[in-house]
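Below is query_7.tsv, which holds TSV, C-alpha atoms.
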```tsv
chain	number	residue	atom	x	y	z
A	1	MET	CA	-25.67	-3.43	-24.75
A	2	LYS	CA	-27.42	-1.42	-27.44
A	3	ARG	CA	-29.75	1.14	-25.89
A	4	LEU	CA	-32.70	0.52	-28.23
A	5	ASN	CA	-32.25	-3.18	-28.92
A	6	GLY	CA	-35.48	-4.64	-30.34
A	7	ASN	CA	-37.32	-1.34	-30.37
A	8	VAL	CA	-39.37	-0.10	-33.32
A	9	THR	CA	-38.90	3.45	-34.59
A	10	LEU	CA	-41.02	5.14	-37.27
A	11	ILE	CA	-39.18	7.93	-39.12
A	12	THR	CA	-40.91	10.10	-41.72
A	13	GLY	CA	-38.71	11.25	-44.58
A	14	GLY	CA	-36.26	8.52	-43.62
A	15	GLY	CA	-34.84	7.80	-47.06
A	16	LYS	CA	-32.47	10.76	-47.36
A	17	GLY	CA	-30.86	13.72	-45.63
A	18	ILE	CA	-31.45	14.17	-41.93
A	19	GLY	CA	-34.01	11.35	-41.93
A	20	PHE	CA	-31.51	8.79	-43.18
A	21	GLY	CA	-28.94	9.99	-40.66
A	22	LEU	CA	-31.51	9.48	-37.91
A	23	ALA	CA	-32.26	6.02	-39.28
A	24	GLU	CA	-28.57	5.12	-39.06
A	25	ALA	CA	-28.31	6.36	-35.47
A	26	PHE	CA	-31.36	4.35	-34.35
A	27	ALA	CA	-30.26	1.26	-36.29
A	28	GLU	CA	-26.82	1.41	-34.70
A	29	GLU	CA	-28.50	1.21	-31.30
A	30	GLY	CA	-30.48	-1.89	-32.34
A	31	SER	CA	-33.86	-0.41	-33.27
A	32	ASN	CA	-35.89	-1.84	-36.13
A	33	LEU	CA	-37.26	0.83	-38.44
A	34	VAL	CA	-40.30	1.92	-40.39
A	35	LEU	CA	-39.24	4.49	-42.98
A	36	THR	CA	-41.68	6.59	-44.97
A	37	GLY	CA	-41.21	8.92	-47.90
A	38	ARG	CA	-42.54	9.73	-51.34
A	39	THR	CA	-39.91	7.95	-53.46
A	40	GLU	CA	-40.00	4.14	-53.33
A	41	SER	CA	-36.57	3.58	-54.90
A	42	ARG	CA	-34.90	5.78	-52.29
A	43	LEU	CA	-36.64	3.95	-49.44
A	44	ILE	CA	-35.66	0.54	-50.83
A	45	ALA	CA	-32.04	1.67	-51.19
A	46	ALA	CA	-32.09	2.89	-47.58
A	47	LYS	CA	-33.53	-0.44	-46.41
A	48	GLN	CA	-30.75	-2.39	-48.12
A	49	LYS	CA	-27.99	-0.20	-46.69
A	50	LEU	CA	-29.35	-0.23	-43.16
A	51	GLU	CA	-30.11	-3.94	-42.97
A	52	GLU	CA	-26.72	-4.91	-44.40
A	53	LYS	CA	-24.76	-2.56	-42.15
A	54	TYR	CA	-26.65	-2.87	-38.87
A	55	GLY	CA	-28.48	-6.20	-38.97
A	56	ILE	CA	-31.88	-4.75	-38.14
A	57	GLU	CA	-35.20	-4.96	-39.99
A	58	VAL	CA	-36.54	-2.07	-42.07
A	59	LEU	CA	-40.08	-1.66	-43.37
A	60	PRO	CA	-40.12	0.94	-46.19
A	61	LEU	CA	-43.52	2.48	-46.97
A	62	VAL	CA	-44.40	5.10	-49.55
A	63	ALA	CA	-46.74	7.67	-48.00
A	64	ASP	CA	-47.58	11.33	-48.41
A	65	GLY	CA	-47.81	13.01	-45.02
A	66	ALA	CA	-50.78	15.05	-46.16
A	67	ASP	CA	-52.79	11.88	-46.86
A	68	GLU	CA	-54.63	10.86	-43.70
A	69	GLU	CA	-55.58	7.42	-45.03
A	70	ALA	CA	-51.99	6.73	-46.13
A	71	ILE	CA	-50.78	7.46	-42.60
A	72	LYS	CA	-53.36	5.10	-41.13
A	73	MET	CA	-52.00	2.46	-43.55
A	74	VAL	CA	-48.41	3.10	-42.42
A	75	VAL	CA	-49.26	2.66	-38.75
A	76	ALA	CA	-51.36	-0.44	-39.43
A	77	LYS	CA	-48.54	-2.07	-41.43
A	78	CYS	CA	-46.02	-1.15	-38.73
A	79	ILE	CA	-48.08	-2.95	-36.08
A	80	GLU	CA	-48.83	-5.83	-38.44
A	81	LYS	CA	-45.11	-6.46	-38.98
A	82	PHE	CA	-43.57	-5.60	-35.62
A	83	GLY	CA	-46.48	-5.73	-33.17
A	84	LYS	CA	-45.43	-2.53	-31.41
A	85	LEU	CA	-44.06	0.99	-31.76
A	86	ASN	CA	-41.61	2.67	-29.38
A	87	THR	CA	-40.70	5.95	-31.07
A	88	LEU	CA	-42.26	8.24	-33.67
A	89	VAL	CA	-39.98	10.77	-35.40
A	90	ASN	CA	-41.76	13.41	-37.49
A	91	ASN	CA	-38.95	14.67	-39.69
A	92	ALA	CA	-40.47	15.14	-43.18
A	93	GLN	CA	-41.45	18.59	-44.45
A	94	VAL	CA	-41.97	20.22	-47.84
A	95	SER	CA	-42.23	23.97	-48.33
A	96	LYS	CA	-41.36	26.98	-50.48
A	97	SER	CA	-38.20	28.64	-49.18
A	98	GLY	CA	-36.57	31.93	-50.00
A	99	MET	CA	-39.93	33.54	-50.82
A	100	PRO	CA	-41.13	36.72	-49.06
A	101	LEU	CA	-44.37	36.43	-47.11
A	102	VAL	CA	-46.24	38.78	-49.46
A	103	GLU	CA	-45.44	36.54	-52.42
A	104	HIS	CA	-46.86	33.41	-50.80
A	105	THR	CA	-50.10	31.99	-52.15
A	106	LYS	CA	-52.59	29.92	-50.21
A	107	GLU	CA	-51.28	26.90	-52.13
A	108	ASP	CA	-47.75	27.65	-50.88
A	109	PHE	CA	-49.01	27.80	-47.30
A	110	ASP	CA	-51.07	24.65	-47.77
A	111	LEU	CA	-47.96	22.81	-48.98
A	112	ALA	CA	-46.08	23.59	-45.76
A	113	ILE	CA	-48.99	23.12	-43.38
A	114	TYR	CA	-50.22	19.83	-44.85
A	115	SER	CA	-46.79	18.21	-45.29
A	116	GLY	CA	-45.59	19.37	-41.87
A	117	LEU	CA	-48.21	20.27	-39.30
A	118	TYR	CA	-51.03	18.04	-40.54
A	119	ALA	CA	-48.64	15.14	-41.14
A	120	ALA	CA	-47.28	15.37	-37.59
A	121	PHE	CA	-50.82	15.58	-36.23
A	122	PHE	CA	-52.02	12.56	-38.21
A	123	TYR	CA	-49.02	10.44	-37.22
A	124	MET	CA	-49.21	11.43	-33.57
A	125	ARG	CA	-52.92	10.70	-33.33
A	126	GLU	CA	-52.69	7.31	-35.06
A	127	CYS	CA	-49.55	6.23	-33.17
A	128	PHE	CA	-50.69	7.28	-29.71
A	129	PRO	CA	-52.38	4.00	-28.63
A	130	TYR	CA	-49.22	2.04	-29.45
A	131	LEU	CA	-46.89	4.60	-27.87
A	132	LYS	CA	-49.07	4.48	-24.74
A	133	ALA	CA	-48.73	0.69	-24.67
A	134	SER	CA	-44.92	0.90	-24.93
A	135	ARG	CA	-44.59	4.08	-22.83
A	136	GLY	CA	-42.73	5.44	-25.82
A	137	SER	CA	-41.90	8.84	-27.18
A	138	VAL	CA	-42.42	11.32	-30.01
A	139	ILE	CA	-39.63	13.45	-31.47
A	140	ASN	CA	-40.90	16.24	-33.70
A	141	PHE	CA	-38.71	18.43	-35.89
A	142	ALA	CA	-39.16	22.19	-35.87
A	143	SER	CA	-36.74	24.90	-37.00
A	144	GLY	CA	-34.80	28.01	-36.17
A	145	ALA	CA	-36.80	29.56	-39.00
A	146	GLY	CA	-39.72	29.77	-36.61
A	147	LEU	CA	-37.75	30.45	-33.44
A	148	PHE	CA	-35.78	33.34	-34.90
A	149	GLY	CA	-37.88	34.62	-37.81
A	150	LYS	CA	-35.67	33.67	-40.75
A	151	LEU	CA	-36.26	35.75	-43.87
A	152	GLY	CA	-38.10	34.04	-46.71
A	153	GLN	CA	-39.39	31.21	-44.51
A	154	ALA	CA	-42.94	32.35	-43.66
A	155	SER	CA	-44.92	29.20	-44.48
A	156	TYR	CA	-42.15	26.89	-43.29
A	157	ALA	CA	-41.84	28.77	-40.00
A	158	ALA	CA	-45.61	28.75	-39.54
A	159	ALA	CA	-45.78	24.98	-39.97
A	160	LYS	CA	-42.83	24.37	-37.66
A	161	GLU	CA	-44.10	26.64	-34.90
A	162	GLY	CA	-47.48	24.91	-35.22
A	163	ILE	CA	-45.71	21.61	-34.63
A	164	ARG	CA	-43.95	23.04	-31.58
A	165	GLY	CA	-47.20	24.28	-30.07
A	166	MET	CA	-48.95	20.97	-30.71
A	167	SER	CA	-46.01	19.09	-29.22
A	168	ARG	CA	-46.19	21.05	-25.97
A	169	VAL	CA	-49.90	20.31	-25.63
A	170	ALA	CA	-49.32	16.63	-26.37
A	171	ALA	CA	-46.54	16.49	-23.78
A	172	ALA	CA	-48.97	17.83	-21.17
A	173	GLU	CA	-51.85	15.57	-22.20
A	174	TRP	CA	-49.83	12.40	-22.69
A	175	GLY	CA	-47.49	12.69	-19.72
A	176	PRO	CA	-49.84	10.75	-17.41
A	177	ASP	CA	-49.74	7.90	-19.94
A	178	GLY	CA	-45.94	7.83	-19.90
A	179	VAL	CA	-45.60	9.13	-23.46
A	180	ARG	CA	-42.95	11.83	-23.87
A	181	VAL	CA	-42.99	14.46	-26.64
A	182	ASN	CA	-39.96	16.60	-27.49
A	183	VAL	CA	-38.86	18.89	-30.32
A	184	ILE	CA	-35.55	19.21	-32.16
A	185	CYS	CA	-34.51	22.29	-34.16
A	186	PRO	CA	-31.51	21.18	-36.25
A	187	LEU	CA	-28.96	22.88	-38.48
A	188	ALA	CA	-27.52	19.93	-40.36
A	189	MET	CA	-25.40	19.22	-43.42
A	190	THR	CA	-27.52	17.45	-46.05
A	191	GLU	CA	-27.21	16.63	-49.74
A	192	SER	CA	-29.05	19.81	-50.73
A	193	LEU	CA	-26.94	21.93	-48.38
A	194	GLN	CA	-23.77	20.39	-49.79
A	195	GLN	CA	-24.92	21.37	-53.28
A	196	TRP	CA	-25.63	24.90	-52.04
A	197	ARG	CA	-22.13	25.01	-50.54
A	198	GLU	CA	-20.60	24.08	-53.90
A	199	ASN	CA	-22.69	26.62	-55.81
A	200	PHE	CA	-22.28	29.48	-53.36
A	201	PRO	CA	-18.96	28.97	-51.49
A	202	GLU	CA	-18.64	32.59	-50.34
A	203	LEU	CA	-22.15	32.67	-48.88
A	204	TYR	CA	-21.51	29.33	-47.23
A	205	GLU	CA	-18.36	30.64	-45.54
A	206	LYS	CA	-20.23	33.73	-44.37
A	207	THR	CA	-22.94	31.49	-42.90
A	208	ILE	CA	-20.38	29.33	-41.10
A	209	GLN	CA	-18.96	32.44	-39.43
A	210	GLY	CA	-22.28	32.80	-37.60
A	211	ILE	CA	-22.00	29.31	-36.06
A	212	PRO	CA	-19.78	29.33	-32.95
A	213	LEU	CA	-18.82	25.66	-33.39
A	214	GLY	CA	-17.83	26.43	-36.99
A	215	HIS	CA	-19.73	23.74	-38.90
A	216	PHE	CA	-23.13	22.29	-39.68
A	217	ALA	CA	-24.29	19.22	-37.77
A	218	ASP	CA	-23.80	15.68	-39.00
A	219	PRO	CA	-27.27	14.09	-39.36
A	220	LYS	CA	-26.24	10.80	-37.75
A	221	GLY	CA	-23.60	11.80	-35.24
A	222	ASP	CA	-24.89	15.15	-34.03
A	223	ILE	CA	-28.64	15.02	-34.61
A	224	GLY	CA	-29.24	11.27	-34.52
A	225	ARG	CA	-27.46	10.67	-31.23
A	226	VAL	CA	-29.53	13.31	-29.46
A	227	CYS	CA	-32.70	11.71	-30.84
A	228	VAL	CA	-31.51	8.30	-29.63
A	229	PHE	CA	-31.01	9.83	-26.18
A	230	LEU	CA	-34.55	11.27	-26.22
A	231	ALA	CA	-35.95	7.88	-27.23
A	232	SER	CA	-34.01	6.00	-24.56
A	233	GLU	CA	-34.57	5.41	-20.85
A	234	ASP	CA	-31.87	8.01	-20.18
A	235	ALA	CA	-34.42	10.70	-21.09
A	236	GLU	CA	-37.41	9.26	-19.26
A	237	TYR	CA	-37.89	12.56	-17.37
A	238	VAL	CA	-37.56	14.80	-20.43
A	239	THR	CA	-40.73	15.96	-22.16
A	240	GLY	CA	-42.18	19.13	-23.66
A	241	GLU	CA	-38.70	20.44	-24.46
A	242	THR	CA	-37.35	22.21	-27.55
A	243	ILE	CA	-33.67	21.43	-28.16
A	244	THR	CA	-31.80	23.62	-30.63
A	245	LEU	CA	-28.96	21.71	-32.31
A	246	GLN	CA	-27.44	24.63	-34.18
A	247	GLY	CA	-23.83	24.77	-33.06
A	248	GLY	CA	-24.46	27.81	-30.89
A	249	SER	CA	-26.09	29.92	-33.62
A	250	GLY	CA	-29.44	29.52	-31.88
A	251	LEU	CA	-28.37	30.92	-28.51
A	252	ARG	CA	-31.42	31.81	-26.42
A	253	PRO	CA	-32.39	32.07	-22.73
```
Give the structure from this file in structure tokens form.
Amino acid sequence: MKRLNGNVTLITGGGKGIGFGLAEAFAEEGSNLVLTGRTESRLIAAKQKLEEKYGIEVLPLVADGADEEAIKMVVAKCIEKFGKLNTLVNNAQVSKSGMPLVEHTKEDFDLAIYSGLYAAFFYMRECFPYLKASRGSVINFASGAGLFGKLGQASYAAAKEGIRGMSRVAAAEWGPDGVRVNVICPLAMTESLQQWRENFPELYEKTIQGIPLGHFADPKGDIGRVCVFLASEDAEYVTGETITLQGGSGLRP
């Protein structure tokens, strides 16, 4: 029996990278999907792959996470098509990386905060009534950049730590309604990371040496399966938690 059979999961940034890996993991467990992103062709390609491989339904919707009205449209169309929502996954984020804090402009900070923190806030607020009805869950993505103060990640870290703080408050406020809110901090192999590996093989190998398990996570197998667990009945007593999926490189008390 598939653990999420007939469920509906909304994944932001679901057309590529970690988001697509998450989509595969949820689809494999029987969940229908709403995928958002900024590139329509990528979302349509993801829909075709997922429906053909897993036999579920996918609703692809172009939406910018910084656009409050676009997010209201996404949630409305989700309910119009499926009539419910079981899980919200806030995965999408855009930011300037590799830039020292003193070189950031307000526009650079706005990019990270609006695409990450505001987007998660908008989606959580609009989805809450439907998550309350289904006693569902929220899975928000943060980062080791915020947990451990990664160099050159000031605006990104600020947005991600904002998401973590908001998630903890939501977990406390929404617990009585049966809605769980948890946070994932991943270190996963994506298309952009693969390109970085090819361009800078020596730096990649040095980075791997700092990961006790010796590799980056697979978006579907390593990250997606943990998210499926958090969305399932198996995790019905788990909320307000931050889970670092970083192969041991994020060791902390």
Counting all atoms listed in the file, give me one row per residue of stretch 133-174 of chain A with an atom at most 10 Å from an atom of stretch 236-252 of chain A, showing the shortest contact pair and its distance in Å to one decimal, sorted by chain then residue number, as a tab-separated table.
```
residue	atom	partner	partner_atom	distance
A:Arg135	CA	A:Glu236	CA	9.5
A:Gly136	CA	A:Glu236	CA	9.3
A:Ser137	CA	A:Thr239	CA	8.8
A:Val138	CA	A:Thr239	CA	9.3
A:Ile139	CA	A:Thr239	CA	9.7
A:Asn140	CA	A:Thr242	CA	9.3
A:Phe141	CA	A:Thr242	CA	9.3
A:Ala142	CA	A:Thr242	CA	8.5
A:Ser143	CA	A:Thr244	CA	8.2
A:Gly144	CA	A:Gly250	CA	7.0
A:Leu147	CA	A:Gly250	CA	8.5
A:Phe148	CA	A:Gly250	CA	8.0
A:Arg164	CA	A:Thr242	CA	7.8
A:Gly165	CA	A:Gly240	CA	9.6
A:Met166	CA	A:Gly240	CA	9.9
A:Ser167	CA	A:Gly240	CA	6.8
A:Arg168	CA	A:Gly240	CA	5.0
A:Val169	CA	A:Gly240	CA	8.1
A:Ala170	CA	A:Gly240	CA	8.0
A:Ala171	CA	A:Gly240	CA	5.1
A:Ala172	CA	A:Gly240	CA	7.3
A:Trp174	CA	A:Thr239	CA	9.8
```
Q.
I want to know what sits within 12 Å of stretch 47-51 of chain A, based on only C-alpha atoms, with residues of the same chain fewer than 3 positions away left out; could you give that as number ranges by chain?
A. A: 14-16, 20-36, 40-44, 54-61
Q: Choose the residue, out of A:Val89, A:Leu187, A:Asp64, A:Gly13, that has the smallest atom-to-atom separation from A:Thr207; count all atoms listed in the file.
A: A:Leu187
Q. Any idea what the distance is between atom CA of A:Thr105 and atom CA of A:Ala159?
A.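 Computed distance, atom CA of A:Thr105 to atom CA of A:Ala159, equals 14.7 Å.
Here atom CA of A:Ala112 and atom CA of A:Lys150 stand 15.3 Å from one another.
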